[in-house]
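Scroll down for the structure; my scribbles are underneath it.
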Amino acid sequence: MEKRTLFLILLIIGTAFWGISFSVTKLAIGQGQPLLFLCYRFLLATMVLSVIFWKHVNKLNAATIKTGASLAVSLVLGIYLQTLGITHTSASQCSFVAGITVVMIPVIKLMIYRKAAALKIWIAAGTALTGLFVISVTNKLSIGIGDLYTIIGAFCFAIYLIQVEKASKAGDIVPTIVPMFASCALFTFLLALFQNDTVWLPQTQTFWLGIIFCALFSTAYMYTISNVAQKYISAERVSIIYLFEPIFGAFAAHFMLGEAITSRLLMGGGLIFIATLISELKWRIPNKMAMPSLSKQKKA
């Protein structure tokens, strides 16, 4: 199995962890303390990954730390705004709206970097956006405060994915993973200090179980896999694969929070799956199809 296919499978598994994490996070934080939750989540992920990537940690230099810290800014903003969005809307709704990242990436690349995506990426993005619309937009066509937080977070996350793609092509990105999560933990800790009502050691078991799940699976595993995968898969394709997340998220929300699975979810999920296939297909236009007949006419 080639590396690109392997990372594609690992990314889809990771989107399941991400999808489940929406419900886990909603249960863990309740209506408050999203910054503290993220602080402990990033801190535990940093500790685990420091052991796994110790040989890279032992060779850290200023350039690696700087790259990791720069990636952490957009990542923290993206995850924090998504987490904030979960406190104002349903877990399934938040996971669906977060999928808008898939359309933002090619647009940002075109506007800022003057780099146009392939036609099939635009087709896939449009198909995925249609699926997202079918799933998440209500008859009132309204956007709540939770959706607004999530959309802004999706923009930040799109910037993060583009930065990761650029860094991974410039060199080995693995050494930046631990500094990135350490910076995320530091940033969220500093932000949590400004909250007067922060309870630094919550007594609820659900909070700490949520920390463990999100730190190990949806943070340490998924972000490591996604960062390394972008050496082989573009940011546009990665973002489309991420659209499996709301599908897993909806099913997790159904079983964990009692949220309904509707026909709109099934229809939209089908479109998202088709979009993923479109992005991965190798299109070849047989532009020499007419040549045999022409050559025969010449011989005749």
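In the structure tokens, each chain is lettered A, B, ... as it comes, each chain's residues begin at 1, and ligands are numbered from 1 in order of appearance.
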Which polymer residues have any atom within 8 Å of an atom of stretch 168-179 of chain A, counting only C-alpha atoms, with same-chain residues fewer than 2 positions away left out, as a list of chain:residue names?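 These residues fall inside the cut-off: A:Thr46, A:Leu49, A:Ser50, A:Phe53, A:His56, A:Val57, A:Leu60, A:Thr64, A:Ile65, A:Thr67, A:Gly68, A:Ala69, A:Val164, A:Glu165, A:Lys166, A:Phe181, A:Ala182, A:Ser183, A:Thr224, A:Asn227, A:Val228, A:Gln230, A:Lys231.
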Excluding stretch 199-209 of chain A and its own-chain neighbours fewer than 3 positions away, which residues fall within 10 Å of it when counting only C-alpha atoms? Please give them as a list of chain:residue names.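 Returned residues: A:Val24, A:Thr25, A:Lys26, A:Leu27, A:Ala28, A:Ile29, A:Gly30, A:Gln33, A:Leu36, A:Phe37, A:Tyr40, A:Arg41, A:Ala192, A:Leu193, A:Gln195, A:Asn196, A:Ile212, A:Phe213, A:Cys214, A:Ala215.
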What is the atom CA of A:Ile121 to atom CA of A:Gln93 distance in Å?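 One can read the atom CA of A:Ile121 to atom CA of A:Gln93 distance as 24.5 Å.
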Using only C-alpha atoms, which residues sit within 12 Å of A:Phe194 once same-chain residues fewer than 4 positions away are excluded, as a list in words?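 The neighbour list is Gln33, Leu35, Leu36, Phe187, Thr188, Phe189, Leu190 and Thr198 of chain A.
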Counting only C-alpha atoms, what is within 8 Å of stretch 251-268 of chain A, bar same-chain residues fewer than 4 positions away, as number ranges by chain? A: 19-20, 22-23, 91-92, 130-135, 247, 272
Residues as selected, C-alpha atoms, written as a compact mmCIF listing (two decimals), in the first residue's frame, can you do that?
```
# COMPACT_ATOMS: atom_id res chain seq x y z
CA GLY A 19 -16.69 13.60 14.95
CA ILE A 20 -17.07 11.83 18.29
CA PHE A 22 -17.89 17.14 19.34
CA SER A 23 -20.27 15.17 21.56
CA ALA A 91 -22.91 19.00 18.44
CA SER A 92 -24.11 17.73 15.05
CA THR A 130 -24.17 21.34 -1.37
CA GLY A 131 -24.17 18.36 0.98
CA LEU A 132 -23.34 20.66 3.86
CA PHE A 133 -26.21 22.97 2.88
CA VAL A 134 -28.68 20.08 2.69
CA ILE A 135 -27.67 18.92 6.16
CA ILE A 247 -21.17 12.36 9.38
CA ILE A 272 -20.05 14.63 0.94
```
Could you tell me, as a PDB file with C-alpha atoms, in the first residue's frame, which residues of stretch 102-169 of chain A DSSP assigns to helix (DSSP H, G or I) when given the backbone?
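Final output, saved to selection26.pdb:
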```pdb
ATOM      1  CA  VAL A 102     -13.461  22.725   2.390  1.00  0.00           C
ATOM      2  CA  VAL A 103     -14.635  25.725   0.338  1.00  0.00           C
ATOM      3  CA  MET A 104     -12.520  28.306   2.145  1.00  0.00           C
ATOM      4  CA  ILE A 105      -9.164  26.686   1.344  1.00  0.00           C
ATOM      5  CA  PRO A 106      -9.177  26.983  -2.485  1.00  0.00           C
ATOM      6  CA  VAL A 107     -10.651  30.504  -2.214  1.00  0.00           C
ATOM      7  CA  ILE A 108      -7.957  31.640   0.252  1.00  0.00           C
ATOM      8  CA  LYS A 109      -5.225  30.105  -1.902  1.00  0.00           C
ATOM      9  CA  LEU A 110      -6.571  31.887  -4.962  1.00  0.00           C
ATOM     10  CA  MET A 111      -6.911  35.292  -3.249  1.00  0.00           C
ATOM     11  CA  ILE A 112      -3.721  35.331  -1.161  1.00  0.00           C
ATOM     12  CA  LEU A 119     -11.013  21.798 -11.563  1.00  0.00           C
ATOM     13  CA  LYS A 120     -11.950  18.551  -9.833  1.00  0.00           C
ATOM     14  CA  ILE A 121     -11.189  20.140  -6.443  1.00  0.00           C
ATOM     15  CA  TRP A 122     -13.645  22.950  -7.172  1.00  0.00           C
ATOM     16  CA  ILE A 123     -16.246  20.428  -8.329  1.00  0.00           C
ATOM     17  CA  ALA A 124     -15.655  18.346  -5.207  1.00  0.00           C
ATOM     18  CA  ALA A 125     -15.805  21.442  -2.985  1.00  0.00           C
ATOM     19  CA  GLY A 126     -19.052  22.556  -4.587  1.00  0.00           C
ATOM     20  CA  THR A 127     -20.563  19.101  -4.193  1.00  0.00           C
ATOM     21  CA  ALA A 128     -19.451  18.956  -0.564  1.00  0.00           C
ATOM     22  CA  LEU A 129     -20.856  22.428   0.105  1.00  0.00           C
ATOM     23  CA  THR A 130     -24.173  21.338  -1.372  1.00  0.00           C
ATOM     24  CA  GLY A 131     -24.174  18.356   0.975  1.00  0.00           C
ATOM     25  CA  LEU A 132     -23.341  20.655   3.862  1.00  0.00           C
ATOM     26  CA  PHE A 133     -26.210  22.972   2.878  1.00  0.00           C
ATOM     27  CA  VAL A 134     -28.676  20.078   2.686  1.00  0.00           C
ATOM     28  CA  ILE A 135     -27.667  18.923   6.159  1.00  0.00           C
ATOM     29  CA  SER A 136     -27.318  22.118   8.137  1.00  0.00           C
ATOM     30  CA  ILE A 145     -24.219  32.750  17.304  1.00  0.00           C
ATOM     31  CA  GLY A 146     -22.898  29.193  17.607  1.00  0.00           C
ATOM     32  CA  ASP A 147     -22.805  28.837  13.819  1.00  0.00           C
ATOM     33  CA  LEU A 148     -21.057  32.196  13.511  1.00  0.00           C
ATOM     34  CA  TYR A 149     -18.337  31.167  15.959  1.00  0.00           C
ATOM     35  CA  THR A 150     -17.899  27.908  14.050  1.00  0.00           C
ATOM     36  CA  ILE A 151     -17.672  29.605  10.636  1.00  0.00           C
ATOM     37  CA  ILE A 152     -14.946  32.000  11.850  1.00  0.00           C
ATOM     38  CA  GLY A 153     -13.206  29.015  13.425  1.00  0.00           C
ATOM     39  CA  ALA A 154     -13.403  27.192  10.101  1.00  0.00           C
ATOM     40  CA  PHE A 155     -11.648  30.139   8.428  1.00  0.00           C
ATOM     41  CA  CYS A 156      -8.845  29.982  11.001  1.00  0.00           C
ATOM     42  CA  PHE A 157      -8.593  26.234  10.518  1.00  0.00           C
ATOM     43  CA  ALA A 158      -8.359  26.703   6.738  1.00  0.00           C
ATOM     44  CA  ILE A 159      -5.409  29.058   7.292  1.00  0.00           C
ATOM     45  CA  TYR A 160      -3.850  26.429   9.558  1.00  0.00           C
ATOM     46  CA  LEU A 161      -4.148  23.690   6.905  1.00  0.00           C
ATOM     47  CA  ILE A 162      -2.583  25.918   4.254  1.00  0.00           C
ATOM     48  CA  GLN A 163       0.291  26.751   6.634  1.00  0.00           C
ATOM     49  CA  VAL A 164       0.834  23.058   7.361  1.00  0.00           C
ATOM     50  CA  GLU A 165       0.916  22.227   3.651  1.00  0.00           C
ATOM     51  CA  LYS A 166       3.499  24.944   3.052  1.00  0.00           C
ATOM     52  CA  ALA A 167       5.643  23.864   6.031  1.00  0.00           C
ATOM     53  CA  SER A 168       5.467  20.160   5.139  1.00  0.00           C
ATOM     54  CA  LYS A 169       6.704  20.826   1.619  1.00  0.00           C
TER      55      LYS A 169
END
```
Polymer residues at most 6 Å from A:Ile240, only C-alpha atoms, same-chain spacing of 3 or more positions, as a count of residues only: 4
Record the distance separating atom CA of A:Leu71 and atom CA of A:Ile13, expressed in Å with one decimal.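 These atoms are spaced 23.1 Å apart.
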Could you work out how far atom CA of A:Phe7 lies from atom CA of A:Ala45, giving the answer in Å with one decimal?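 So the two atoms, atom CA of A:Ala45 and atom CA of A:Phe7, lie 20.4 Å apart.
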